[in-house]
Amino acid sequence: MPRDRDKPLDVLSVADLCVDLVLTGDVVPRFGQAEQLVDDYHLELGGSATIFAGQLVKLGARAGILGSIGADLFGDFVAGRLAGLGVATERVVRAEGVRTGLGVALVKESEDRTMLTYAGTIDATAPEHLTHDLPSLARHWHISSFFLLSLLRPTWASWLRRCRQAGLTTSLDTNWDPAETWDGVHEILPLIDVFLPNATEACAIAGESDVELAGRTLAGFGCVVVVKQGADGATAFHENDMSSLDLSEEAPPPRIVDSIGAGDCFDAGFLRGWILGWGIEACLRLGHRCGRASLSEAGGFRGQLVEDVSGNTLQGVQMRRSR
Ligand SMILES: Nc1ncnc2c1ncn2[C@@H]1O[C@H](COP(=O)(O)OP(=O)(O)O)[C@@H](O)[C@H]1O
Ligand SMILES: [Mg+2]
């Protein structure tokens, strides 16, 4: 566990920064210059790492983001929203000649959605942004959206090694691979302390069709593997141990508006506990509470659990032996 409380940040996360414009309405886009009216819209901070960092701050952690925004209006919006959330933005850079990434979603009665994405700054962060002083800023390094950050992929192995040498712990949530090849994860897993895929991603990356087999296979790389399973909760695997969340002890979600960001909020909850030295089962419970809370409001931020758990260091429940 990291012990260095003198560092300015608990967690520094590399980010896929963008804005999301979400339109709501029961319409299907039509070409031929057809104009159709939608019911509503909102503009929101996009990207997986922003939701993760925002949730960490609400749990009392000091979280920062390393990423790129454009020198444009949407870039100002991203910087302003991150500052409003209390996320440290000193390492958010204005990329030259690249516009802020934009996702446009059309949501039809909250059941289905179609999305158009302009990548822009989502993938503008490059190896030169990983400067030598970064490991002295944080106790823990988190990679989210591994597959979207293509410029950084060749450097992760050497970078994670450097983080470890500097005493940082590390975590990874790859999220979905748009190419569906799932390449490059096995190479860095031995350098990751906590890996947090969802069930589909875990099976794809492990090359298994069964979640338990996938979890055990991935834990063979030496990390704690936490497989997120939607309404079925989550299961942690480490060495030969397996620990499942006991859902009979957890309240069901009061209402489900959408599941945007549930996985990122879960990651923040699990890692908040883990960094504080909690046992795996307590980490699973806080992760689940964060994931569940995020379901109750639209988007990834509004429903986030607000609870400063910083002083709570007595959650040390040992991992249950499964065999
Ligand atoms: N329908 C649900 N009921 C209760 N908890 C949920 C539900 N959906 C998600 N969660 C919680 O949020 C976590 C993350 O959601 P999941 O959809 O599995 O991740 P991801 O967003 O990465 O695909 C789950 O492991 C669970 O703890
Ligand atoms: Mg996810």
# chains A, B, ... in the order shown; residues from 1 in each chain; ligands from 1

call {"tool": "closest_atom_pairs", "arguments": {"of": "chain A", "to": "ligand 1", "cutoff": "9 Å", "atoms": "only C-alpha atoms and all ligand atoms", "output": "CSV"}}
result
residue,atom,partner,partner_atom_place_in_ligand_line,distance
A:Asp173,CA,ligand 1,22 (O),8.0
A:Asn175,CA,ligand 1,22 (O),6.5
A:Trp176,CA,ligand 1,22 (O),8.6
A:Leu196,CA,ligand 1,22 (O),8.0
A:Pro197,CA,ligand 1,22 (O),6.4
A:Asn198,CA,ligand 1,22 (O),4.8
A:Ala199,CA,ligand 1,18 (O),6.9
A:Thr200,CA,ligand 1,23 (O),8.0
A:Glu201,CA,ligand 1,23 (O),8.4
A:Val226,CA,ligand 1,25 (O),8.8
A:Val227,CA,ligand 1,25 (O),7.2
A:Lys228,CA,ligand 1,25 (O),3.7
A:Gln229,CA,ligand 1,18 (O),4.0
A:Gly230,CA,ligand 1,18 (O),3.3
A:Ala231,CA,ligand 1,2 (C),3.4
A:Asp232,CA,ligand 1,26 (C),6.7
A:Gly233,CA,ligand 1,27 (O),4.2
A:Ala234,CA,ligand 1,25 (O),4.6
A:Thr235,CA,ligand 1,25 (O),8.2
A:Leu245,CA,ligand 1,27 (O),8.5
A:Leu247,CA,ligand 1,4 (C),8.7
A:Glu250,CA,ligand 1,4 (C),8.9
A:Ala251,CA,ligand 1,4 (C),8.5
A:Pro252,CA,ligand 1,4 (C),6.0
A:Pro253,CA,ligand 1,4 (C),5.6
A:Ile256,CA,ligand 1,1 (N),7.1
A:Asp258,CA,ligand 1,8 (N),8.9
A:Ser259,CA,ligand 1,8 (N),6.3
A:Ile260,CA,ligand 1,21 (O),6.6
A:Gly261,CA,ligand 1,21 (O),5.7
A:Ala262,CA,ligand 1,14 (C),4.6
A:Gly263,CA,ligand 1,21 (O),3.4
A:Asp264,CA,ligand 1,22 (O),6.3
A:Cys265,CA,ligand 1,14 (C),7.4
A:Phe266,CA,ligand 1,13 (C),5.3
A:Asp267,CA,ligand 1,14 (C),8.0
A:Leu284,CA,ligand 1,27 (O),7.9
A:Arg285,CA,ligand 1,27 (O),8.0
A:Leu286,CA,ligand 1,27 (O),8.8
A:Gly287,CA,ligand 1,27 (O),6.3
A:His288,CA,ligand 1,27 (O),3.5
A:Arg289,CA,ligand 1,27 (O),6.7
A:Cys290,CA,ligand 1,12 (O),7.1
A:Gly291,CA,ligand 1,12 (O),3.5
A:Arg292,CA,ligand 1,5 (N),4.5
A:Ala293,CA,ligand 1,11 (C),8.2
A:Ser294,CA,ligand 1,12 (O),7.9
A:Leu295,CA,ligand 1,8 (N),7.0

call {"tool": "write_last_selection", "arguments": {"atoms": "N, CA and C atoms", "output": "tab-separated table (two decimals), in the first residue's frame"}}
result
chain	number	residue	atom	x	y	z
A	173	ASP	N	-8.29	0.38	-15.87
A	173	ASP	CA	-9.61	0.00	-16.37
A	173	ASP	C	-9.54	0.26	-17.87
A	175	ASN	N	-11.67	-0.27	-20.21
A	175	ASN	CA	-12.93	-0.04	-20.92
A	175	ASN	C	-12.91	-0.80	-22.24
A	176	TRP	N	-13.90	-0.53	-23.07
A	176	TRP	CA	-14.10	-1.32	-24.29
A	176	TRP	C	-13.01	-1.04	-25.33
A	196	LEU	N	-9.47	-3.50	-13.26
A	196	LEU	CA	-10.92	-3.41	-13.02
A	196	LEU	C	-11.73	-3.48	-14.33
A	197	PRO	N	-11.77	-4.64	-14.98
A	197	PRO	CA	-12.58	-4.77	-16.19
A	197	PRO	C	-14.04	-5.09	-15.84
A	198	ASN	N	-14.96	-4.89	-16.80
A	198	ASN	CA	-16.29	-5.47	-16.58
A	198	ASN	C	-16.25	-6.92	-17.08
A	199	ALA	N	-17.36	-7.64	-16.92
A	199	ALA	CA	-17.34	-9.08	-17.21
A	199	ALA	C	-17.01	-9.36	-18.67
A	200	THR	N	-17.59	-8.59	-19.59
A	200	THR	CA	-17.35	-8.84	-21.03
A	200	THR	C	-15.88	-8.57	-21.36
A	201	GLU	N	-15.37	-7.46	-20.82
A	201	GLU	CA	-13.97	-7.12	-21.09
A	201	GLU	C	-13.02	-8.16	-20.49
A	226	VAL	N	-10.62	-7.18	-10.35
A	226	VAL	CA	-11.97	-6.93	-9.87
A	226	VAL	C	-12.89	-6.90	-11.08
A	227	VAL	N	-13.74	-7.90	-11.19
A	227	VAL	CA	-14.62	-8.00	-12.36
A	227	VAL	C	-15.99	-7.42	-12.00
A	228	LYS	N	-16.38	-6.38	-12.74
A	228	LYS	CA	-17.67	-5.70	-12.50
A	228	LYS	C	-18.75	-6.42	-13.30
A	229	GLN	N	-19.86	-6.72	-12.63
A	229	GLN	CA	-20.89	-7.57	-13.24
A	229	GLN	C	-22.28	-6.94	-13.20
A	230	GLY	N	-22.35	-5.63	-13.40
A	230	GLY	CA	-23.65	-4.96	-13.46
A	230	GLY	C	-24.52	-5.28	-12.26
A	231	ALA	N	-25.77	-5.68	-12.50
A	231	ALA	CA	-26.71	-5.96	-11.42
A	231	ALA	C	-26.25	-7.14	-10.54
A	232	ASP	N	-25.32	-7.95	-11.04
A	232	ASP	CA	-24.81	-9.08	-10.25
A	232	ASP	C	-23.65	-8.68	-9.34
A	233	GLY	N	-23.32	-7.38	-9.27
A	233	GLY	CA	-22.29	-6.92	-8.34
A	233	GLY	C	-20.90	-7.01	-8.92
A	234	ALA	N	-19.97	-7.58	-8.15
A	234	ALA	CA	-18.58	-7.64	-8.60
A	234	ALA	C	-17.85	-8.74	-7.84
A	235	THR	N	-16.80	-9.27	-8.45
A	235	THR	CA	-16.01	-10.34	-7.83
A	235	THR	C	-14.53	-9.98	-7.93
A	245	LEU	N	-19.08	-10.01	-3.87
A	245	LEU	CA	-19.92	-9.12	-3.11
A	245	LEU	C	-21.18	-9.88	-2.70
A	247	LEU	N	-24.66	-9.71	-2.32
A	247	LEU	CA	-25.72	-8.75	-2.69
A	247	LEU	C	-26.92	-8.80	-1.75
A	250	GLU	N	-26.81	-5.88	0.40
A	250	GLU	CA	-26.81	-4.56	-0.24
A	250	GLU	C	-28.22	-4.17	-0.67
A	251	ALA	N	-28.54	-2.90	-0.52
A	251	ALA	CA	-29.85	-2.40	-0.97
A	251	ALA	C	-29.87	-2.39	-2.50
A	252	PRO	N	-31.04	-2.71	-3.11
A	252	PRO	CA	-31.12	-2.59	-4.58
A	252	PRO	C	-31.13	-1.11	-4.97
A	253	PRO	N	-30.80	-0.80	-6.25
A	253	PRO	CA	-30.83	0.61	-6.65
A	253	PRO	C	-32.24	1.17	-6.51
A	256	ILE	N	-33.29	3.26	-11.66
A	256	ILE	CA	-32.20	3.24	-12.62
A	256	ILE	C	-32.56	4.18	-13.77
A	258	ASP	N	-29.87	5.65	-15.92
A	258	ASP	CA	-28.98	5.07	-16.92
A	258	ASP	C	-27.74	4.55	-16.22
A	259	SER	N	-26.94	3.76	-16.96
A	259	SER	CA	-25.76	3.15	-16.32
A	259	SER	C	-24.47	3.84	-16.77
A	260	ILE	N	-24.59	5.05	-17.32
A	260	ILE	CA	-23.38	5.78	-17.76
A	260	ILE	C	-22.49	6.03	-16.55
A	261	GLY	N	-21.23	5.61	-16.65
A	261	GLY	CA	-20.27	5.91	-15.61
A	261	GLY	C	-20.32	5.00	-14.39
A	262	ALA	N	-21.23	4.01	-14.37
A	262	ALA	CA	-21.32	3.15	-13.17
A	262	ALA	C	-19.97	2.46	-12.92
A	263	GLY	N	-19.33	2.00	-14.00
A	263	GLY	CA	-18.06	1.31	-13.85
A	263	GLY	C	-16.95	2.23	-13.35
A	264	ASP	N	-16.96	3.47	-13.79
A	264	ASP	CA	-15.93	4.43	-13.36
A	264	ASP	C	-16.13	4.80	-11.89
A	265	CYS	N	-17.40	4.95	-11.50
A	265	CYS	CA	-17.69	5.27	-10.10
A	265	CYS	C	-17.32	4.08	-9.21
A	266	PHE	N	-17.60	2.86	-9.70
A	266	PHE	CA	-17.20	1.66	-8.96
A	266	PHE	C	-15.67	1.67	-8.76
A	267	ASP	N	-14.92	1.93	-9.84
A	267	ASP	CA	-13.45	1.95	-9.76
A	267	ASP	C	-12.98	2.90	-8.66
A	284	LEU	N	-14.88	-3.75	-2.18
A	284	LEU	CA	-15.96	-4.15	-3.09
A	284	LEU	C	-17.26	-3.45	-2.71
A	285	ARG	N	-17.52	-3.38	-1.41
A	285	ARG	CA	-18.79	-2.77	-0.96
A	285	ARG	C	-18.85	-1.29	-1.31
A	286	LEU	N	-17.73	-0.56	-1.08
A	286	LEU	CA	-17.75	0.87	-1.40
A	286	LEU	C	-17.83	1.06	-2.92
A	287	GLY	N	-17.12	0.23	-3.68
A	287	GLY	CA	-17.21	0.31	-5.14
A	287	GLY	C	-18.64	0.12	-5.61
A	288	HIS	N	-19.29	-0.90	-5.06
A	288	HIS	CA	-20.67	-1.20	-5.44
A	288	HIS	C	-21.61	-0.06	-5.05
A	289	ARG	N	-21.42	0.49	-3.88
A	289	ARG	CA	-22.29	1.61	-3.45
A	289	ARG	C	-22.15	2.79	-4.40
A	290	CYS	N	-20.91	3.03	-4.87
A	290	CYS	CA	-20.68	4.14	-5.82
A	290	CYS	C	-21.31	3.82	-7.17
A	291	GLY	N	-21.11	2.59	-7.67
A	291	GLY	CA	-21.69	2.21	-8.96
A	291	GLY	C	-23.21	2.30	-8.90
A	292	ARG	N	-23.79	1.79	-7.82
A	292	ARG	CA	-25.25	1.78	-7.67
A	292	ARG	C	-25.79	3.22	-7.58
A	293	ALA	N	-25.12	4.07	-6.82
A	293	ALA	CA	-25.59	5.46	-6.65
A	293	ALA	C	-25.64	6.18	-7.99
A	294	SER	N	-24.65	5.91	-8.85
A	294	SER	CA	-24.57	6.65	-10.11
A	294	SER	C	-25.74	6.31	-11.05
A	295	LEU	N	-26.38	5.16	-10.82
A	295	LEU	CA	-27.49	4.75	-11.69
A	295	LEU	C	-28.73	5.63	-11.55

call {"tool": "residues_around", "arguments": {"residues": "segment 141-152 of chain A", "least_positions_apart": "5", "cutoff": "7 Å", "atoms": "only C-alpha atoms", "output": "list in words"}}
result
Val11, Leu12, Ser13, Val14, Ala15, Asp16, Ser48, Ala49, Asp123, Thr125, Ala126, Pro127, Leu168, Thr169, Thr170, Ser171, Leu172, Asp173, Thr174, Asn175 and Asp177 of chain A

call {"tool": "select_by_dssp", "arguments": {"residues": "segment 31-233 of chain A", "states": "helix (DSSP H, G or I)", "output": "ChimeraX atom specification"}}
result
/A:48-58,73-85,120-123,127-129,134-136,150-165,185-191,199-206,211-219,230-232

call {"tool": "closest_residue", "arguments": {"among": "A:Leu271, A:Met242, A:Ala202, A:Leu276", "to": "ligand 2", "atoms": "only C-alpha atoms and all ligand atoms"}}
result
A:Ala202

call {"tool": "closest_residue", "arguments": {"among": "A:Val309, A:Ala105, A:Ala268, A:Ile188", "to": "ligand 2", "atoms": "only C-alpha atoms and all ligand atoms"}}
result
A:Ala268

call {"tool": "select_by_dssp", "arguments": {"residues": "segment 117-266 of chain A", "states": "strand (DSSP E or B)", "output": "number ranges by chain"}}
result
A: 117-118, 138-144, 169-173, 194-195, 198, 224-228, 234-238, 241-244

call {"tool": "write_last_selection", "arguments": {"atoms": "C-alpha atoms", "output": "PDB file, in the first residue's frame"}}
result
ATOM      1  CA  THR A 117     -17.698  10.841 -31.652  1.00  0.00           C
ATOM      2  CA  TYR A 118     -15.056  13.311 -32.811  1.00  0.00           C
ATOM      3  CA  ALA A 138       0.808  11.223  -6.562  1.00  0.00           C
ATOM      4  CA  ARG A 139       0.679   8.028  -4.520  1.00  0.00           C
ATOM      5  CA  HIS A 140      -1.227   6.071  -7.139  1.00  0.00           C
ATOM      6  CA  TRP A 141      -1.341   6.052 -10.968  1.00  0.00           C
ATOM      7  CA  HIS A 142      -4.550   5.098 -12.798  1.00  0.00           C
ATOM      8  CA  ILE A 143      -5.014   4.354 -16.500  1.00  0.00           C
ATOM      9  CA  SER A 144      -8.548   4.470 -17.835  1.00  0.00           C
ATOM     10  CA  THR A 169       0.803   1.748  -6.892  1.00  0.00           C
ATOM     11  CA  THR A 170      -1.033   1.350 -10.196  1.00  0.00           C
ATOM     12  CA  SER A 171      -4.461   0.466 -11.571  1.00  0.00           C
ATOM     13  CA  LEU A 172      -6.091  -0.068 -14.951  1.00  0.00           C
ATOM     14  CA  ASP A 173      -9.609  -0.004 -16.372  1.00  0.00           C
ATOM     15  CA  VAL A 194      -5.509  -3.478  -9.409  1.00  0.00           C
ATOM     16  CA  PHE A 195      -7.208  -4.327 -12.720  1.00  0.00           C
ATOM     17  CA  ASN A 198     -16.287  -5.468 -16.584  1.00  0.00           C
ATOM     18  CA  VAL A 224      -5.864  -7.987  -7.908  1.00  0.00           C
ATOM     19  CA  VAL A 225      -8.561  -8.445 -10.571  1.00  0.00           C
ATOM     20  CA  VAL A 226     -11.972  -6.927  -9.865  1.00  0.00           C
ATOM     21  CA  VAL A 227     -14.618  -8.002 -12.360  1.00  0.00           C
ATOM     22  CA  LYS A 228     -17.667  -5.703 -12.502  1.00  0.00           C
ATOM     23  CA  ALA A 234     -18.579  -7.642  -8.604  1.00  0.00           C
ATOM     24  CA  THR A 235     -16.010 -10.336  -7.828  1.00  0.00           C
ATOM     25  CA  ALA A 236     -12.372  -9.901  -6.834  1.00  0.00           C
ATOM     26  CA  PHE A 237      -9.648 -12.418  -7.667  1.00  0.00           C
ATOM     27  CA  HIS A 238      -6.165 -12.441  -6.202  1.00  0.00           C
ATOM     28  CA  ASP A 241      -8.548 -16.248  -3.602  1.00  0.00           C
ATOM     29  CA  MET A 242     -11.940 -15.190  -4.834  1.00  0.00           C
ATOM     30  CA  SER A 243     -14.247 -12.783  -3.056  1.00  0.00           C
ATOM     31  CA  SER A 244     -17.754 -11.940  -4.225  1.00  0.00           C
TER      32      SER A 244
END

call {"tool": "closest_residue", "arguments": {"among": "A:Ala119, A:Phe77, A:Gly300, A:Asp210", "to": "ligand 2", "atoms": "only C-alpha atoms and all ligand atoms"}}
result
A:Gly300

call {"tool": "residues_around", "arguments": {"residues": "Ile122 of chain A", "least_positions_apart": "6", "cutoff": "7 Å", "atoms": "only C-alpha atoms", "output": "PyMOL selection string"}}
result
chain A and resi 16-18+101

call {"tool": "closest_residue", "arguments": {"among": "A:Gly279, A:Gly207, A:Gly269, A:Pro29", "to": "Arg113 of chain A", "atoms": "only C-alpha atoms"}}
result
A:Pro29

call {"tool": "residues_around", "arguments": {"residues": "Ala95 of chain A", "least_positions_apart": "6", "cutoff": "6 Å", "atoms": "only C-alpha atoms", "output": "list in words"}}
result
Ser68, Ile69 and Gly70 of chain A

call {"tool": "write_last_selection", "arguments": {"atoms": "C-alpha atoms", "output": "PDB file, in the first residue's frame"}}
result
ATOM      1  CA  SER A  68      -5.417  17.327 -23.209  1.00  0.00           C
ATOM      2  CA  ILE A  69      -8.048  19.882 -24.159  1.00  0.00           C
ATOM      3  CA  GLY A  70      -8.270  22.175 -27.169  1.00  0.00           C
TER       4      GLY A  70
END

call {"tool": "residues_around", "arguments": {"residues": "segment 162-167 of chain A", "least_positions_apart": "3", "cutoff": "10 Å", "atoms": "only C-alpha atoms", "output": "count of residues only"}}
result
20

call {"tool": "closest_residue", "arguments": {"among": "A:Ala179, A:Val28, A:Leu9, A:Leu43", "to": "Leu56 of chain A", "atoms": "only C-alpha atoms"}}
result
A:Leu9

call {"tool": "closest_residue", "arguments": {"among": "A:Gly184, A:Gly311, A:Gly47, A:Gly60", "to": "ligand 2", "atoms": "only C-alpha atoms and all ligand atoms"}}
result
A:Gly47

call {"tool": "atom_distance", "arguments": {"atom1": "atom CA of Ser296 of chain A", "atom2": "atom CA of Leu59 of chain A"}}
result
17.7 Å

call {"tool": "residues_around", "arguments": {"residues": "Trp182 of chain A", "least_positions_apart": "3", "cutoff": "7 Å", "atoms": "only C-alpha atoms", "output": "list in words"}}
result
Asp177, Val185, Ala204 and Ile205 of chain A

call {"tool": "write_last_selection", "arguments": {"atoms": "N, CA and C atoms", "output": "short mmCIF file (atom, residue, chain, number, x, y, z; two decimals), in the first residue's frame"}}
result
data_model
loop_
_atom_site.label_atom_id
_atom_site.label_comp_id
_atom_site.auth_asym_id
_atom_site.auth_seq_id
_atom_site.Cartn_x
_atom_site.Cartn_y
_atom_site.Cartn_z
N ASP A 177 -12.63 -2.05 -26.09
CA ASP A 177 -11.70 -1.87 -27.20
C ASP A 177 -12.52 -1.70 -28.50
N VAL A 185 -2.81 -5.76 -23.40
CA VAL A 185 -3.12 -5.72 -21.96
C VAL A 185 -2.25 -6.72 -21.19
N ALA A 204 -13.02 -11.21 -22.71
CA ALA A 204 -12.33 -10.95 -23.99
C ALA A 204 -10.81 -10.91 -23.79
N ILE A 205 -10.38 -10.25 -22.74
CA ILE A 205 -8.94 -10.08 -22.52
C ILE A 205 -8.30 -11.41 -22.09
#

call {"tool": "atom_distance", "arguments": {"atom1": "atom CA of Glu212 of chain A", "atom2": "atom CA of Thr181 of chain A"}}
result
21.2 Å
